[in-house]
Amino acid sequence: MAIRNIVKNGDPVLRKKSRPVTVFDSRLHELLDDMRETLLDVDGAGLAAVQVGVLRRAVLVYTDDEMIELINPVIVETDGEQIDPEGCLSVPEVYGTVSRPYTVTVRAQDRFGKEFTITGHGLRARAFCHELDHLDGGLFTDKVLEYLE
Ligand code: ZN
């Protein structure tokens, strides 16, 4: 495993659309393992593959001491609303409030290609939305209601 460099805002790759993962092989597993090590190193709540320069639809969400790998994730249901501060490892030292659903259900595949569904509330739901936005070139700064000093 290795810690990878996190791409920072201004790099055009962050605005590109990631492609679906079609091969669930050791190369994907190495990417996911490196992303996990990178995310733990910087103590973040989530990381998308594009943030390490790989345009594939794979993200990690790390909340409540649980690391969740989502491959080809799709939001299938949302409920409620939360407006809270948000930040991004690719946009250092910038924080702002963003409106997100309070509850989010995602359908995804695991690292072996097996489909599953997971529901998150609060921070986990926020992280699901934030990371999935990355897969389509979105950044939380596109949605900030109010920047925090
Ligand atoms: Zn981010």
# chains A, B, ... in the order shown; residues from 1 in each chain; ligands from 1

$ closest_atom_pairs --of "chain A" --to "ligand 1" --cutoff "10 Å" --atoms "only C-alpha atoms and all ligand atoms" --output "CSV"
residue,atom,partner,partner_atom_place_in_ligand_line,distance
A:Lys8,CA,ligand 1,1 (Zn),9.8
A:Asn9,CA,ligand 1,1 (Zn),9.7
A:Leu14,CA,ligand 1,1 (Zn),9.5
A:Gly44,CA,ligand 1,1 (Zn),9.3
A:Ala45,CA,ligand 1,1 (Zn),9.0
A:Gly46,CA,ligand 1,1 (Zn),7.0
A:Leu47,CA,ligand 1,1 (Zn),6.5
A:Ala48,CA,ligand 1,1 (Zn),7.3
A:Val50,CA,ligand 1,1 (Zn),9.7
A:Gln51,CA,ligand 1,1 (Zn),7.6
A:Glu86,CA,ligand 1,1 (Zn),9.0
A:Gly87,CA,ligand 1,1 (Zn),6.9
A:Cys88,CA,ligand 1,1 (Zn),3.9
A:Leu89,CA,ligand 1,1 (Zn),5.6
A:Ser90,CA,ligand 1,1 (Zn),5.9
A:Val91,CA,ligand 1,1 (Zn),7.3
A:Pro92,CA,ligand 1,1 (Zn),9.7
A:Ala127,CA,ligand 1,1 (Zn),8.5
A:Cys129,CA,ligand 1,1 (Zn),9.8
A:His130,CA,ligand 1,1 (Zn),6.1
A:Glu131,CA,ligand 1,1 (Zn),6.0
A:Leu132,CA,ligand 1,1 (Zn),9.2
A:Asp133,CA,ligand 1,1 (Zn),8.3
A:His134,CA,ligand 1,1 (Zn),6.6
A:Gly138,CA,ligand 1,1 (Zn),8.7
A:Leu139,CA,ligand 1,1 (Zn),6.4
A:Phe140,CA,ligand 1,1 (Zn),6.8
A:Thr141,CA,ligand 1,1 (Zn),9.4

$ select_by_dssp --residues "chain A" --states "alpha helix (DSSP H)" --output "PyMOL selection string"
chain A and resi 26-42+122-135

$ write_last_selection --atoms "N, CA and C atoms" --output "PDB file, in the first residue's frame"
ATOM      1  N   SER A  26      -7.081  -6.991  -9.213  1.00  0.00           N
ATOM      2  CA  SER A  26      -6.111  -6.613  -8.187  1.00  0.00           C
ATOM      3  C   SER A  26      -5.684  -5.147  -8.340  1.00  0.00           C
ATOM      4  N   ARG A  27      -5.777  -4.625  -9.555  1.00  0.00           N
ATOM      5  CA  ARG A  27      -5.418  -3.230  -9.783  1.00  0.00           C
ATOM      6  C   ARG A  27      -6.428  -2.310  -9.073  1.00  0.00           C
ATOM      7  N   LEU A  28      -7.714  -2.667  -9.153  1.00  0.00           N
ATOM      8  CA  LEU A  28      -8.742  -1.918  -8.434  1.00  0.00           C
ATOM      9  C   LEU A  28      -8.506  -2.030  -6.924  1.00  0.00           C
ATOM     10  N   HIS A  29      -8.191  -3.239  -6.471  1.00  0.00           N
ATOM     11  CA  HIS A  29      -7.990  -3.443  -5.036  1.00  0.00           C
ATOM     12  C   HIS A  29      -6.792  -2.643  -4.522  1.00  0.00           C
ATOM     13  N   GLU A  30      -5.774  -2.556  -5.344  1.00  0.00           N
ATOM     14  CA  GLU A  30      -4.603  -1.764  -4.963  1.00  0.00           C
ATOM     15  C   GLU A  30      -4.970  -0.284  -4.856  1.00  0.00           C
ATOM     16  N   LEU A  31      -5.766   0.184  -5.830  1.00  0.00           N
ATOM     17  CA  LEU A  31      -6.239   1.570  -5.784  1.00  0.00           C
ATOM     18  C   LEU A  31      -7.020   1.823  -4.495  1.00  0.00           C
ATOM     19  N   LEU A  32      -7.959   0.920  -4.181  1.00  0.00           N
ATOM     20  CA  LEU A  32      -8.799   1.095  -2.990  1.00  0.00           C
ATOM     21  C   LEU A  32      -7.964   1.041  -1.716  1.00  0.00           C
ATOM     22  N   ASP A  33      -6.995   0.140  -1.684  1.00  0.00           N
ATOM     23  CA  ASP A  33      -6.129   0.036  -0.500  1.00  0.00           C
ATOM     24  C   ASP A  33      -5.293   1.298  -0.328  1.00  0.00           C
ATOM     25  N   ASP A  34      -4.810   1.829  -1.437  1.00  0.00           N
ATOM     26  CA  ASP A  34      -4.035   3.080  -1.370  1.00  0.00           C
ATOM     27  C   ASP A  34      -4.924   4.252  -0.944  1.00  0.00           C
ATOM     28  N   MET A  35      -6.137   4.275  -1.470  1.00  0.00           N
ATOM     29  CA  MET A  35      -7.068   5.343  -1.085  1.00  0.00           C
ATOM     30  C   MET A  35      -7.371   5.275   0.404  1.00  0.00           C
ATOM     31  N   ARG A  36      -7.559   4.057   0.909  1.00  0.00           N
ATOM     32  CA  ARG A  36      -7.826   3.879   2.341  1.00  0.00           C
ATOM     33  C   ARG A  36      -6.656   4.429   3.172  1.00  0.00           C
ATOM     34  N   GLU A  37      -5.449   4.063   2.797  1.00  0.00           N
ATOM     35  CA  GLU A  37      -4.273   4.515   3.546  1.00  0.00           C
ATOM     36  C   GLU A  37      -4.157   6.044   3.472  1.00  0.00           C
ATOM     37  N   THR A  38      -4.437   6.592   2.291  1.00  0.00           N
ATOM     38  CA  THR A  38      -4.366   8.043   2.093  1.00  0.00           C
ATOM     39  C   THR A  38      -5.409   8.755   2.947  1.00  0.00           C
ATOM     40  N   LEU A  39      -6.629   8.218   2.962  1.00  0.00           N
ATOM     41  CA  LEU A  39      -7.722   8.840   3.714  1.00  0.00           C
ATOM     42  C   LEU A  39      -7.447   8.794   5.214  1.00  0.00           C
ATOM     43  N   LEU A  40      -6.945   7.660   5.694  1.00  0.00           N
ATOM     44  CA  LEU A  40      -6.635   7.550   7.123  1.00  0.00           C
ATOM     45  C   LEU A  40      -5.496   8.488   7.498  1.00  0.00           C
ATOM     46  N   ASP A  41      -4.550   8.662   6.590  1.00  0.00           N
ATOM     47  CA  ASP A  41      -3.393   9.520   6.847  1.00  0.00           C
ATOM     48  C   ASP A  41      -3.805  10.967   7.074  1.00  0.00           C
ATOM     49  N   VAL A  42      -4.819  11.422   6.337  1.00  0.00           N
ATOM     50  CA  VAL A  42      -5.234  12.824   6.443  1.00  0.00           C
ATOM     51  C   VAL A  42      -6.481  12.993   7.310  1.00  0.00           C
ATOM     52  N   GLY A 122     -27.141  11.668   8.583  1.00  0.00           N
ATOM     53  CA  GLY A 122     -26.230  12.671   9.116  1.00  0.00           C
ATOM     54  C   GLY A 122     -24.942  12.766   8.323  1.00  0.00           C
ATOM     55  N   LEU A 123     -23.812  12.695   9.036  1.00  0.00           N
ATOM     56  CA  LEU A 123     -22.504  12.867   8.389  1.00  0.00           C
ATOM     57  C   LEU A 123     -22.267  11.848   7.279  1.00  0.00           C
ATOM     58  N   ARG A 124     -22.694  10.607   7.517  1.00  0.00           N
ATOM     59  CA  ARG A 124     -22.478   9.587   6.483  1.00  0.00           C
ATOM     60  C   ARG A 124     -23.265   9.918   5.218  1.00  0.00           C
ATOM     61  N   ALA A 125     -24.503  10.387   5.384  1.00  0.00           N
ATOM     62  CA  ALA A 125     -25.325  10.776   4.230  1.00  0.00           C
ATOM     63  C   ALA A 125     -24.671  11.947   3.498  1.00  0.00           C
ATOM     64  N   ARG A 126     -24.163  12.903   4.272  1.00  0.00           N
ATOM     65  CA  ARG A 126     -23.468  14.059   3.698  1.00  0.00           C
ATOM     66  C   ARG A 126     -22.248  13.604   2.899  1.00  0.00           C
ATOM     67  N   ALA A 127     -21.491  12.681   3.466  1.00  0.00           N
ATOM     68  CA  ALA A 127     -20.286  12.186   2.792  1.00  0.00           C
ATOM     69  C   ALA A 127     -20.643  11.429   1.513  1.00  0.00           C
ATOM     70  N   PHE A 128     -21.717  10.642   1.548  1.00  0.00           N
ATOM     71  CA  PHE A 128     -22.155   9.954   0.325  1.00  0.00           C
ATOM     72  C   PHE A 128     -22.383  10.991  -0.786  1.00  0.00           C
ATOM     73  N   CYS A 129     -23.132  12.041  -0.475  1.00  0.00           N
ATOM     74  CA  CYS A 129     -23.464  13.052  -1.491  1.00  0.00           C
ATOM     75  C   CYS A 129     -22.215  13.766  -1.986  1.00  0.00           C
ATOM     76  N   HIS A 130     -21.372  14.167  -1.045  1.00  0.00           N
ATOM     77  CA  HIS A 130     -20.150  14.904  -1.381  1.00  0.00           C
ATOM     78  C   HIS A 130     -19.249  14.070  -2.302  1.00  0.00           C
ATOM     79  N   GLU A 131     -19.038  12.809  -1.936  1.00  0.00           N
ATOM     80  CA  GLU A 131     -18.133  11.964  -2.732  1.00  0.00           C
ATOM     81  C   GLU A 131     -18.738  11.626  -4.095  1.00  0.00           C
ATOM     82  N   LEU A 132     -20.051  11.396  -4.135  1.00  0.00           N
ATOM     83  CA  LEU A 132     -20.670  11.082  -5.429  1.00  0.00           C
ATOM     84  C   LEU A 132     -20.630  12.286  -6.364  1.00  0.00           C
ATOM     85  N   ASP A 133     -20.727  13.499  -5.805  1.00  0.00           N
ATOM     86  CA  ASP A 133     -20.581  14.703  -6.633  1.00  0.00           C
ATOM     87  C   ASP A 133     -19.223  14.718  -7.344  1.00  0.00           C
ATOM     88  N   HIS A 134     -18.179  14.277  -6.627  1.00  0.00           N
ATOM     89  CA  HIS A 134     -16.838  14.247  -7.237  1.00  0.00           C
ATOM     90  C   HIS A 134     -16.812  13.414  -8.519  1.00  0.00           C
ATOM     91  N   LEU A 135     -17.623  12.352  -8.557  1.00  0.00           N
ATOM     92  CA  LEU A 135     -17.588  11.439  -9.709  1.00  0.00           C
ATOM     93  C   LEU A 135     -18.115  12.096 -10.983  1.00  0.00           C
TER      94      LEU A 135
END

$ residues_around --residues "Asp84 (chain A)" --least-positions-apart "4" --cutoff "8 Å" --atoms "only C-alpha atoms" --output "compact mmCIF listing (two decimals) with C-alpha atoms, in the first residue's frame"
# COMPACT_ATOMS: atom_id res chain seq x y z
CA GLY A 96 -18.94 26.44 4.01
CA THR A 97 -22.46 25.33 4.78
CA VAL A 98 -24.11 23.02 2.27
CA SER A 99 -27.66 21.66 2.19

$ residues_around --residues "Glu77 (chain A)" --least-positions-apart "5" --cutoff "8 Å" --atoms "only C-alpha atoms" --output "number ranges by chain"
A: 104-106

$ write_last_selection --atoms "N, CA, C and O atoms" --output "mmCIF file, in the first residue's frame"
data_model
loop_
_atom_site.group_PDB
_atom_site.id
_atom_site.type_symbol
_atom_site.label_atom_id
_atom_site.label_comp_id
_atom_site.auth_asym_id
_atom_site.auth_seq_id
_atom_site.Cartn_x
_atom_site.Cartn_y
_atom_site.Cartn_z
ATOM 1 N N VAL A 104 -29.654 9.218 3.137
ATOM 2 C CA VAL A 104 -29.337 8.901 1.746
ATOM 3 C C VAL A 104 -29.126 7.391 1.609
ATOM 4 O O VAL A 104 -28.363 6.794 2.374
ATOM 5 N N THR A 105 -29.799 6.805 0.644
ATOM 6 C CA THR A 105 -29.595 5.386 0.334
ATOM 7 C C THR A 105 -28.864 5.279 -0.995
ATOM 8 O O THR A 105 -29.265 5.904 -1.986
ATOM 9 N N VAL A 106 -27.786 4.503 -0.978
ATOM 10 C CA VAL A 106 -26.936 4.341 -2.155
ATOM 11 C C VAL A 106 -26.920 2.875 -2.562
ATOM 12 O O VAL A 106 -26.838 1.983 -1.711
#

$ closest_residue --among "A:Ala58, A:Val52, A:Val94, A:Ile118" --to "Val13 (chain A)" --atoms "only C-alpha atoms"
A:Val52
